[in-house]
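Participant: Please read through the structure below; I'll follow up with questions.
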Amino acid sequence: MGSVKGPLTTHVLNTGDGVPAARMALSLHRLDPHMTVWSLVTIGNTNEDGRCPGLITSDAFTPGMYKIRFETGQYWESLGQSSFYPYVEIVFTVSAADQSVHVPLLVSRYSYSTYRGS
């Protein structure tokens, strides 16, 4: 994961403790429209600010359906806590090649929320 922002950004916040969700594993996938299967694009971890810069390049971020899988169960286990959700998957559509997308995740041990960020 590079330091370049890129066309896709995410920010994970641990709302239970009021801190960024640092070191959460995640993976980015793209749906193959012909075979209707998900293909792994990349994997990464959130940094100390709960962000994961450089997930995908502008050239590779083509229109289509994507998902980010956040490994929330592993994250809570690393903090010595249990959680209800072992992972969270957020599926979204990119309609234009020049589109920038921000996908925030607000997470606690027993709930999560997301929205289309800017």
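Every chain in the structure tokens has a letter given in the order shown (A, B, ...), and although residue numbers restart at 1 in each chain, ligands are simply numbered from 1 in the order shown.
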Neighbours of His102 in chain A within 6 Å (only C-alpha atoms; same-chain residues fewer than 6 positions away dropped), as a ChimeraX atom specification?
Facilitator: /A:8-10,117-118
Participant: Restricting the output to all heavy atoms, write the selected residues as a compact mmCIF listing (two decimals), in the first residue's frame.
Facilitator:
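See out-v7.txt below for the written result:
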# COMPACT_ATOMS: atom_id res chain seq x y z
N LEU A 8 -9.91 5.39 -4.79
CA LEU A 8 -10.74 4.72 -3.79
C LEU A 8 -10.10 4.89 -2.43
O LEU A 8 -8.95 4.52 -2.23
CB LEU A 8 -10.89 3.23 -4.12
CG LEU A 8 -11.61 2.38 -3.08
CD1 LEU A 8 -13.06 2.84 -2.91
CD2 LEU A 8 -11.53 0.91 -3.46
N THR A 9 -10.86 5.45 -1.51
CA THR A 9 -10.36 5.63 -0.14
C THR A 9 -11.36 5.03 0.84
O THR A 9 -12.54 4.90 0.55
CB THR A 9 -10.13 7.11 0.19
OG1 THR A 9 -11.35 7.84 0.00
CG2 THR A 9 -9.03 7.70 -0.69
N THR A 10 -10.85 4.68 2.01
CA THR A 10 -11.70 4.20 3.08
C THR A 10 -11.16 4.73 4.40
O THR A 10 -9.97 5.09 4.50
CB THR A 10 -11.79 2.66 3.10
OG1 THR A 10 -12.78 2.26 4.06
CG2 THR A 10 -10.46 2.02 3.42
N GLY A 117 -19.18 8.48 1.22
CA GLY A 117 -18.42 9.64 1.68
C GLY A 117 -18.02 10.53 0.52
O GLY A 117 -18.33 10.28 -0.63
N SER A 118 -17.32 11.59 0.87
CA SER A 118 -16.85 12.53 -0.17
C SER A 118 -15.36 12.74 -0.06
O SER A 118 -14.74 12.37 0.89
CB SER A 118 -17.57 13.85 -0.04
OG SER A 118 -17.38 14.41 1.23
Participant: From a DSSP calculation on the backbone, collect every residue of chain A in alpha helix (DSSP H) and output the set as a PyMOL selection string.
Facilitator: chain A and resi 72-78
Participant: For all heavy atoms, I'd like the residues from the last selection saved as a compact mmCIF listing (two decimals), in the first residue's frame.
Facilitator:
# COMPACT_ATOMS: atom_id res chain seq x y z
N THR A 72 -13.39 -7.48 10.63
CA THR A 72 -13.73 -6.88 11.92
C THR A 72 -13.52 -7.84 13.09
O THR A 72 -13.10 -7.41 14.16
CB THR A 72 -15.19 -6.38 11.90
OG1 THR A 72 -16.05 -7.45 11.48
CG2 THR A 72 -15.35 -5.22 10.92
N GLY A 73 -13.81 -9.12 12.89
CA GLY A 73 -13.62 -10.08 13.97
C GLY A 73 -12.18 -10.17 14.41
O GLY A 73 -11.87 -10.16 15.61
N GLN A 74 -11.26 -10.23 13.44
CA GLN A 74 -9.83 -10.27 13.76
C GLN A 74 -9.40 -9.00 14.48
O GLN A 74 -8.57 -9.04 15.40
CB GLN A 74 -9.01 -10.44 12.49
CG GLN A 74 -9.12 -11.78 11.83
CD GLN A 74 -8.34 -11.83 10.53
OE1 GLN A 74 -7.62 -10.92 10.15
NE2 GLN A 74 -8.50 -12.93 9.80
N TYR A 75 -9.95 -7.87 14.02
CA TYR A 75 -9.61 -6.58 14.64
C TYR A 75 -9.99 -6.59 16.13
O TYR A 75 -9.16 -6.26 16.98
CB TYR A 75 -10.32 -5.44 13.91
CG TYR A 75 -10.26 -4.13 14.65
CD1 TYR A 75 -9.10 -3.37 14.65
CD2 TYR A 75 -11.35 -3.65 15.35
CE1 TYR A 75 -9.02 -2.16 15.34
CE2 TYR A 75 -11.29 -2.44 16.04
CZ TYR A 75 -10.12 -1.70 16.03
OH TYR A 75 -10.06 -0.52 16.72
N TRP A 76 -11.23 -6.98 16.43
CA TRP A 76 -11.66 -6.98 17.84
C TRP A 76 -10.89 -8.00 18.66
O TRP A 76 -10.54 -7.73 19.82
CB TRP A 76 -13.17 -7.22 17.93
CG TRP A 76 -13.95 -6.05 17.40
CD1 TRP A 76 -14.69 -6.02 16.26
CD2 TRP A 76 -14.03 -4.74 17.96
NE1 TRP A 76 -15.22 -4.75 16.08
CE2 TRP A 76 -14.83 -3.96 17.11
CE3 TRP A 76 -13.50 -4.15 19.10
CZ2 TRP A 76 -15.12 -2.62 17.37
CZ3 TRP A 76 -13.78 -2.81 19.36
CH2 TRP A 76 -14.58 -2.06 18.51
N GLU A 77 -10.59 -9.17 18.07
CA GLU A 77 -9.79 -10.17 18.77
C GLU A 77 -8.41 -9.61 19.13
O GLU A 77 -7.88 -9.90 20.20
CB GLU A 77 -9.64 -11.43 17.93
CG GLU A 77 -10.87 -12.30 17.91
CD GLU A 77 -10.71 -13.51 17.02
OE1 GLU A 77 -9.56 -13.89 16.70
OE2 GLU A 77 -11.75 -14.08 16.62
N SER A 78 -7.83 -8.81 18.21
CA SER A 78 -6.50 -8.23 18.49
C SER A 78 -6.55 -7.25 19.66
O SER A 78 -5.52 -6.97 20.27
CB SER A 78 -5.95 -7.52 17.24
OG SER A 78 -6.61 -6.28 17.01
Participant: Suppose you want the space between CA of Val37 in chain A and CA of Leu13 in chain A; what is it in Å?
Facilitator: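 Interatomic distance, CA of Val37 in chain A to CA of Leu13 in chain A: 29.3 Å.
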Participant: Which residues, written as JSON, numbers by chain, have at least one atom at most 10 Å from Ser58 in chain A, with only C-alpha atoms counted and residues fewer than 2 positions away on the same chain left out?
Facilitator: {"A": [6, 7, 8, 54, 55, 56, 60, 61, 62, 97, 98, 99, 100]}
Participant: Write the residues you've just listed into a file as a compact mmCIF listing (two decimals), in the first residue's frame, and include C-alpha atoms for each of them.
Facilitator:
# COMPACT_ATOMS: atom_id res chain seq x y z
CA GLY A 6 -5.88 7.04 -5.22
CA PRO A 7 -9.42 6.96 -6.61
CA LEU A 8 -10.74 4.72 -3.79
CA GLY A 54 -3.27 3.25 -2.36
CA LEU A 55 -5.86 0.46 -2.63
CA ILE A 56 -6.13 0.71 -6.42
CA ALA A 60 -7.28 -0.15 -12.67
CA PHE A 61 -10.39 1.49 -11.15
CA THR A 62 -12.73 0.81 -14.05
CA ALA A 97 -13.74 5.66 -14.93
CA ASP A 98 -12.84 9.08 -13.48
CA GLN A 99 -14.99 8.61 -10.36
CA SER A 100 -13.51 9.03 -6.88
Participant: From range 35-95 of chain A, collect each residue whose DSSP state is strand (DSSP E) and return the set as a list in words.
Facilitator: Val37, Trp38, Ser39, Leu40, Val41, Thr42, Ile43, Gly44, Asn45, Gly64, Met65, Tyr66, Lys67, Ile68, Arg69, Phe70, Val88, Glu89, Ile90, Val91, Phe92, Thr93 and Val94 of chain A
Participant: Considering only C-alpha atoms, state which residue in the set A:Thr114, A:Ser95, A:Ala21, A:Lys67 is at the smallest distance from Asn45 in chain A.
Facilitator: A:Ala21
